[in-house]
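Data first, discussion second: the structure below is written as structure tokens.
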Amino acid sequence: MLGAIIGDTVGSIYEFNNTKSLDFPLFSEGSIYTDDSIISLAVAKWLIVDKEHTHRELERIMVEFAERYPNPCGSYGGGFLNWLFYPEKIDKGEHSEISTIRYPYKSWGNGSAMRVSAVGWVFDTLEETERVAEISASITHNHTEGIKGAQATAAAIYLARTGSSKEDIKNYIESKYGYDLSRKWDDLHLTYGWDSSCQGTVPEAIIAFLSSSNFEDAIRRAVALGGDSDTLACITGAIAEAFYQEIPKEMVLETINRLPKYLRDTLEDFQKMIG
């Protein structure tokens, strides 16, 4: 969970000013949490307070967090912005089976994957992790790719925190979700550009983790791919934290000190819940 927020914060200043260098400053005056951290912590809050894991409660909490922080760095994505603040713009269509005021909009964007990290830490089985990851995505991202991206990310976190090797994580994600994780980071580094889809973000974020040697290296590799750097590093950081289980203290302090109190308190409450 903290790894996701660190990745988001480090990547924040490079989202619209990409770097391809691995030797970039991790933090600067402008480094700050973005919408990725806000909604990731909203999902964490949902897991704390709603043991039934309902769409309705997730909706309420997401809107609450967005109303507290309506203009984050990077802004909310267009579809999600409408879902949060202008739900009348989204057609009910065929999606009445989800019992919420707002309706999902068939998104395959990477927002479902960047916000799911808390789900990967809570449950005792991989099956339950993937089931709740689908709920967390489908409230907005009810496209097959949107759900798959969230489930693959949560599964990778679960496998990492429960002792699976990188090879085991790679094999499971490839076989279950069909992502090609055999590509080399060095090759991606040369060719990868902006992509806001789950299918163009999640595999690359996992490859950045698989190619890394420690937590900081994973964050650097995610950001240095370019593209949607805060979201890439958010996903990579979540998996890397679970796998390496050690984050440099200075990265923790730099990130925590940039969070407002409500977000810090939510993170602390979540950390207490998972022990």
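Chain labels A, B, ... are given in the sequence in which chains occur in the structure tokens; within each chain residues are numbered consecutively from 1, and ligands are likewise numbered from 1 in the order shown.
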Could I get the residues of stretch 15-35 of chain A with an atom no further than 12 Å from an atom of stretch 175-192 of chain A, each paired with its nearest atom pair and that distance in Å to one decimal, using only C-alpha atoms, sorted by chain and residue number, as JSON lines?
{"residue": "A:Asn18", "atom": "CA", "partner": "A:Tyr192", "partner_atom": "CA", "distance": 11.3}
{"residue": "A:Thr19", "atom": "CA", "partner": "A:His189", "partner_atom": "CA", "distance": 10.5}
{"residue": "A:Lys20", "atom": "CA", "partner": "A:His189", "partner_atom": "CA", "distance": 7.3}
{"residue": "A:Ser21", "atom": "CA", "partner": "A:His189", "partner_atom": "CA", "distance": 9.5}
{"residue": "A:Leu22", "atom": "CA", "partner": "A:His189", "partner_atom": "CA", "distance": 10.2}
Residues within 12 Å of A:Pro70, only C-alpha atoms, excluding chain neighbours under 2 positions, as a PyMOL selection string: chain A and resi 34-35+38-39+62-68+72-77+80-81+84-85
With N, CA and C atoms retained, export the selected residues as a compact mmCIF listing (two decimals), in the first residue's frame.
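What ended up in selection-v5.txt:
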# COMPACT_ATOMS: atom_id res chain seq x y z
N THR A 34 -0.95 12.16 -6.08
CA THR A 34 -1.89 12.51 -7.14
C THR A 34 -3.23 11.81 -6.88
N ASP A 35 -4.09 11.86 -7.88
CA ASP A 35 -5.36 11.14 -7.80
C ASP A 35 -5.16 9.64 -7.55
N ILE A 38 -4.98 9.17 -3.80
CA ILE A 38 -6.27 9.49 -3.17
C ILE A 38 -7.24 8.33 -3.33
N ILE A 39 -7.37 7.82 -4.54
CA ILE A 39 -8.36 6.77 -4.78
C ILE A 39 -7.85 5.41 -4.29
N MET A 62 -15.41 6.60 -2.36
CA MET A 62 -14.68 7.24 -3.45
C MET A 62 -15.12 8.69 -3.64
N VAL A 63 -16.42 8.92 -3.60
CA VAL A 63 -16.92 10.28 -3.77
C VAL A 63 -16.50 11.15 -2.59
N GLU A 64 -16.55 10.61 -1.39
CA GLU A 64 -16.11 11.36 -0.20
C GLU A 64 -14.66 11.81 -0.34
N PHE A 65 -13.79 10.90 -0.73
CA PHE A 65 -12.37 11.25 -0.88
C PHE A 65 -12.17 12.28 -1.98
N ALA A 66 -12.88 12.11 -3.08
CA ALA A 66 -12.74 13.06 -4.19
C ALA A 66 -13.27 14.44 -3.81
N GLU A 67 -14.32 14.50 -3.01
CA GLU A 67 -14.83 15.80 -2.57
C GLU A 67 -13.86 16.48 -1.61
N ARG A 68 -13.13 15.69 -0.83
CA ARG A 68 -12.09 16.26 0.03
C ARG A 68 -10.93 16.81 -0.79
N PRO A 72 -6.69 17.25 -7.56
CA PRO A 72 -5.36 16.70 -7.27
C PRO A 72 -4.39 16.96 -8.41
N CYS A 73 -3.12 16.83 -8.11
CA CYS A 73 -2.09 16.87 -9.14
C CYS A 73 -2.43 15.82 -10.20
N GLY A 74 -2.41 16.21 -11.46
CA GLY A 74 -2.71 15.29 -12.55
C GLY A 74 -4.18 15.18 -12.88
N SER A 75 -5.05 15.60 -11.96
CA SER A 75 -6.49 15.58 -12.13
C SER A 75 -7.03 14.16 -12.19
N TYR A 76 -8.33 14.02 -12.05
CA TYR A 76 -8.99 12.74 -12.27
C TYR A 76 -9.22 12.57 -13.77
N GLY A 77 -9.15 11.30 -14.23
CA GLY A 77 -9.39 11.04 -15.64
C GLY A 77 -10.78 11.48 -16.05
N PHE A 80 -13.76 9.17 -15.20
CA PHE A 80 -13.89 9.05 -13.75
C PHE A 80 -14.33 10.38 -13.14
N LEU A 81 -13.87 11.48 -13.70
CA LEU A 81 -14.29 12.80 -13.23
C LEU A 81 -15.80 12.95 -13.37
N LEU A 84 -17.58 10.80 -10.80
CA LEU A 84 -17.53 11.37 -9.45
C LEU A 84 -18.47 12.55 -9.28
N PHE A 85 -18.38 13.51 -10.20
CA PHE A 85 -19.00 14.81 -9.98
C PHE A 85 -20.18 15.12 -10.90
Could you give me the residues within stretch 55-237 of chain A that DSSP places in helix (DSSP H, G or I), as a compact mmCIF listing (two decimals) with C-alpha atoms, in the first residue's frame?
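Listed below is the output, out_17.txt:
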# COMPACT_ATOMS: atom_id res chain seq x y z
CA HIS A 55 -20.38 -1.41 -4.63
CA ARG A 56 -22.61 1.10 -2.83
CA GLU A 57 -20.18 1.68 0.03
CA LEU A 58 -17.22 1.86 -2.33
CA GLU A 59 -19.06 4.50 -4.33
CA ARG A 60 -19.80 6.54 -1.21
CA ILE A 61 -16.19 6.47 -0.05
CA MET A 62 -14.68 7.24 -3.45
CA VAL A 63 -16.92 10.28 -3.77
CA GLU A 64 -16.11 11.36 -0.20
CA PHE A 65 -12.37 11.25 -0.88
CA ALA A 66 -12.74 13.06 -4.19
CA GLU A 67 -14.83 15.80 -2.57
CA ARG A 68 -12.09 16.26 0.03
CA GLY A 78 -12.23 12.37 -17.80
CA GLY A 79 -14.58 9.41 -17.45
CA PHE A 80 -13.89 9.05 -13.75
CA LEU A 81 -14.29 12.80 -13.23
CA ASN A 82 -17.79 12.61 -14.69
CA TRP A 83 -18.56 9.51 -12.61
CA LEU A 84 -17.53 11.37 -9.45
CA PHE A 85 -19.00 14.81 -9.98
CA PRO A 87 -22.98 11.25 -12.89
CA GLU A 88 -25.91 12.48 -14.93
CA LYS A 89 -23.57 12.51 -17.94
CA GLY A 111 -7.24 3.58 -13.07
CA SER A 112 -8.70 0.26 -11.97
CA ALA A 113 -5.20 -1.20 -11.60
CA MET A 114 -3.57 1.78 -9.91
CA VAL A 119 -6.92 -5.46 -2.04
CA GLY A 120 -3.69 -7.39 -2.54
CA TRP A 121 -2.85 -7.13 1.17
CA VAL A 122 -6.08 -8.06 2.94
CA LEU A 126 -5.74 -15.68 -4.06
CA GLU A 127 -9.31 -16.44 -5.12
CA GLU A 128 -10.79 -13.95 -2.64
CA THR A 129 -8.20 -11.36 -3.64
CA GLU A 130 -9.19 -11.64 -7.28
CA ARG A 131 -12.91 -11.63 -6.45
CA VAL A 132 -12.73 -8.38 -4.47
CA ALA A 133 -10.38 -6.85 -7.05
CA GLU A 134 -13.14 -7.37 -9.61
CA ILE A 135 -15.63 -5.53 -7.38
CA SER A 136 -13.20 -2.65 -6.91
CA ALA A 137 -12.82 -2.32 -10.67
CA SER A 138 -16.32 -3.03 -11.93
CA THR A 144 -12.96 -7.00 -19.51
CA GLU A 145 -9.55 -5.32 -19.73
CA GLY A 146 -10.32 -2.95 -16.86
CA ILE A 147 -11.25 -5.84 -14.59
CA LYS A 148 -8.32 -7.96 -15.74
CA GLY A 149 -5.84 -5.19 -15.01
CA ALA A 150 -7.08 -4.81 -11.44
CA GLN A 151 -7.15 -8.55 -10.81
CA ALA A 152 -3.66 -9.11 -12.23
CA THR A 153 -2.22 -6.31 -10.10
CA ALA A 154 -3.89 -7.53 -6.91
CA ALA A 155 -2.84 -11.12 -7.66
CA ALA A 156 0.78 -10.08 -8.17
CA ILE A 157 0.75 -8.27 -4.82
CA TYR A 158 -0.82 -11.24 -3.06
CA LEU A 159 1.68 -13.67 -4.56
CA ALA A 160 4.60 -11.38 -3.74
CA ARG A 161 3.61 -10.89 -0.10
CA LYS A 166 9.42 -13.69 -9.40
CA GLU A 167 9.27 -16.61 -11.80
CA ASP A 168 6.15 -17.95 -10.10
CA ILE A 169 4.50 -14.52 -10.22
CA LYS A 170 5.41 -14.14 -13.90
CA ASN A 171 4.10 -17.58 -14.79
CA TYR A 172 0.81 -17.12 -12.95
CA ILE A 173 0.04 -13.70 -14.42
CA GLU A 174 0.93 -14.84 -17.92
CA SER A 175 -1.14 -18.02 -17.73
CA LYS A 176 -4.17 -16.50 -15.96
CA TYR A 177 -4.33 -13.08 -17.60
CA TRP A 185 12.85 -4.01 -19.73
CA ASP A 186 15.80 -2.73 -21.77
CA ASP A 187 13.79 -3.12 -24.98
CA LEU A 188 10.66 -1.53 -23.50
CA HIS A 189 12.76 1.35 -22.21
CA LEU A 190 13.69 2.22 -25.78
CA THR A 191 10.22 1.98 -27.31
CA VAL A 202 -0.11 -3.28 -16.15
CA PRO A 203 2.23 -5.69 -18.01
CA GLU A 204 4.88 -2.99 -18.33
CA ALA A 205 4.62 -2.11 -14.63
CA ILE A 206 5.03 -5.78 -13.72
CA ILE A 207 8.04 -6.10 -16.04
CA ALA A 208 9.63 -3.10 -14.28
CA PHE A 209 9.22 -4.99 -11.02
CA LEU A 210 10.46 -8.31 -12.40
CA PHE A 215 12.39 -1.43 -4.14
CA GLU A 216 14.08 1.78 -5.22
CA ASP A 217 15.34 0.18 -8.42
CA ALA A 218 11.79 -0.97 -9.22
CA ILE A 219 10.44 2.58 -8.85
CA ARG A 220 13.24 3.97 -11.01
CA ARG A 221 12.60 1.41 -13.73
CA ALA A 222 8.88 2.15 -13.77
CA VAL A 223 9.35 5.91 -14.04
CA ALA A 224 12.13 5.61 -16.63
CA SER A 229 4.83 7.52 -15.00
CA ASP A 230 2.94 8.06 -11.75
CA THR A 231 0.51 5.24 -12.48
CA LEU A 232 3.23 2.89 -13.71
CA ALA A 233 5.27 3.52 -10.57
CA CYS A 234 2.17 3.24 -8.38
CA ILE A 235 1.50 -0.28 -9.69
CA THR A 236 5.15 -1.31 -9.68
CA GLY A 237 5.71 0.12 -6.19
Atom CA of A:Leu41 to atom CA of A:Thr266: how many Å, to one decimal?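 Interatomic distance, atom CA of A:Leu41 to atom CA of A:Thr266: 6.7 Å.
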Between A:Glu241, A:Asp265, A:Glu52, A:Glu246, which one has atoms that come closest to A:Gly3, using only C-alpha atoms?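 Smallest distance to A:Gly3 is found for A:Glu241.
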Which residues, written as JSON, numbers by chain, have at least one atom at most 12 Å from A:Glu268, with only C-alpha atoms counted and residues fewer than 3 positions away on the same chain left out? {"A": [1, 2, 41, 44, 45, 48, 256, 259, 261, 262, 263, 264, 265, 271, 272, 273, 274, 275]}
Write the residues of the selection above to a file with C-alpha atoms, as a PDB file, in the first residue's frame.
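The resulting file, part07.pdb, is reproduced below:
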ATOM      1  CA  MET A   1       0.000   0.000   0.000  1.00  0.00           C
ATOM      2  CA  LEU A   2       2.726   2.456   0.994  1.00  0.00           C
ATOM      3  CA  LEU A  41      -6.558   5.146  -0.103  1.00  0.00           C
ATOM      4  CA  ALA A  44      -8.231   1.000   1.546  1.00  0.00           C
ATOM      5  CA  LYS A  45     -10.861   2.862   3.583  1.00  0.00           C
ATOM      6  CA  ILE A  48     -11.548  -1.123   6.550  1.00  0.00           C
ATOM      7  CA  ILE A 256       4.499  10.509   4.280  1.00  0.00           C
ATOM      8  CA  LEU A 259       0.399  13.544   2.547  1.00  0.00           C
ATOM      9  CA  LYS A 261      -3.503  14.339   7.597  1.00  0.00           C
ATOM     10  CA  TYR A 262      -6.656  12.557   6.451  1.00  0.00           C
ATOM     11  CA  LEU A 263      -4.756  10.472   3.928  1.00  0.00           C
ATOM     12  CA  ARG A 264      -1.978   9.745   6.448  1.00  0.00           C
ATOM     13  CA  ASP A 265      -4.561   8.636   8.996  1.00  0.00           C
ATOM     14  CA  GLN A 271      -1.547  -0.635   8.159  1.00  0.00           C
ATOM     15  CA  LYS A 272      -2.979  -1.426  11.591  1.00  0.00           C
ATOM     16  CA  MET A 273      -5.713  -3.557  10.043  1.00  0.00           C
ATOM     17  CA  ILE A 274      -3.302  -5.742   8.117  1.00  0.00           C
ATOM     18  CA  GLY A 275      -0.779  -5.887  10.953  1.00  0.00           C
TER      19      GLY A 275
END
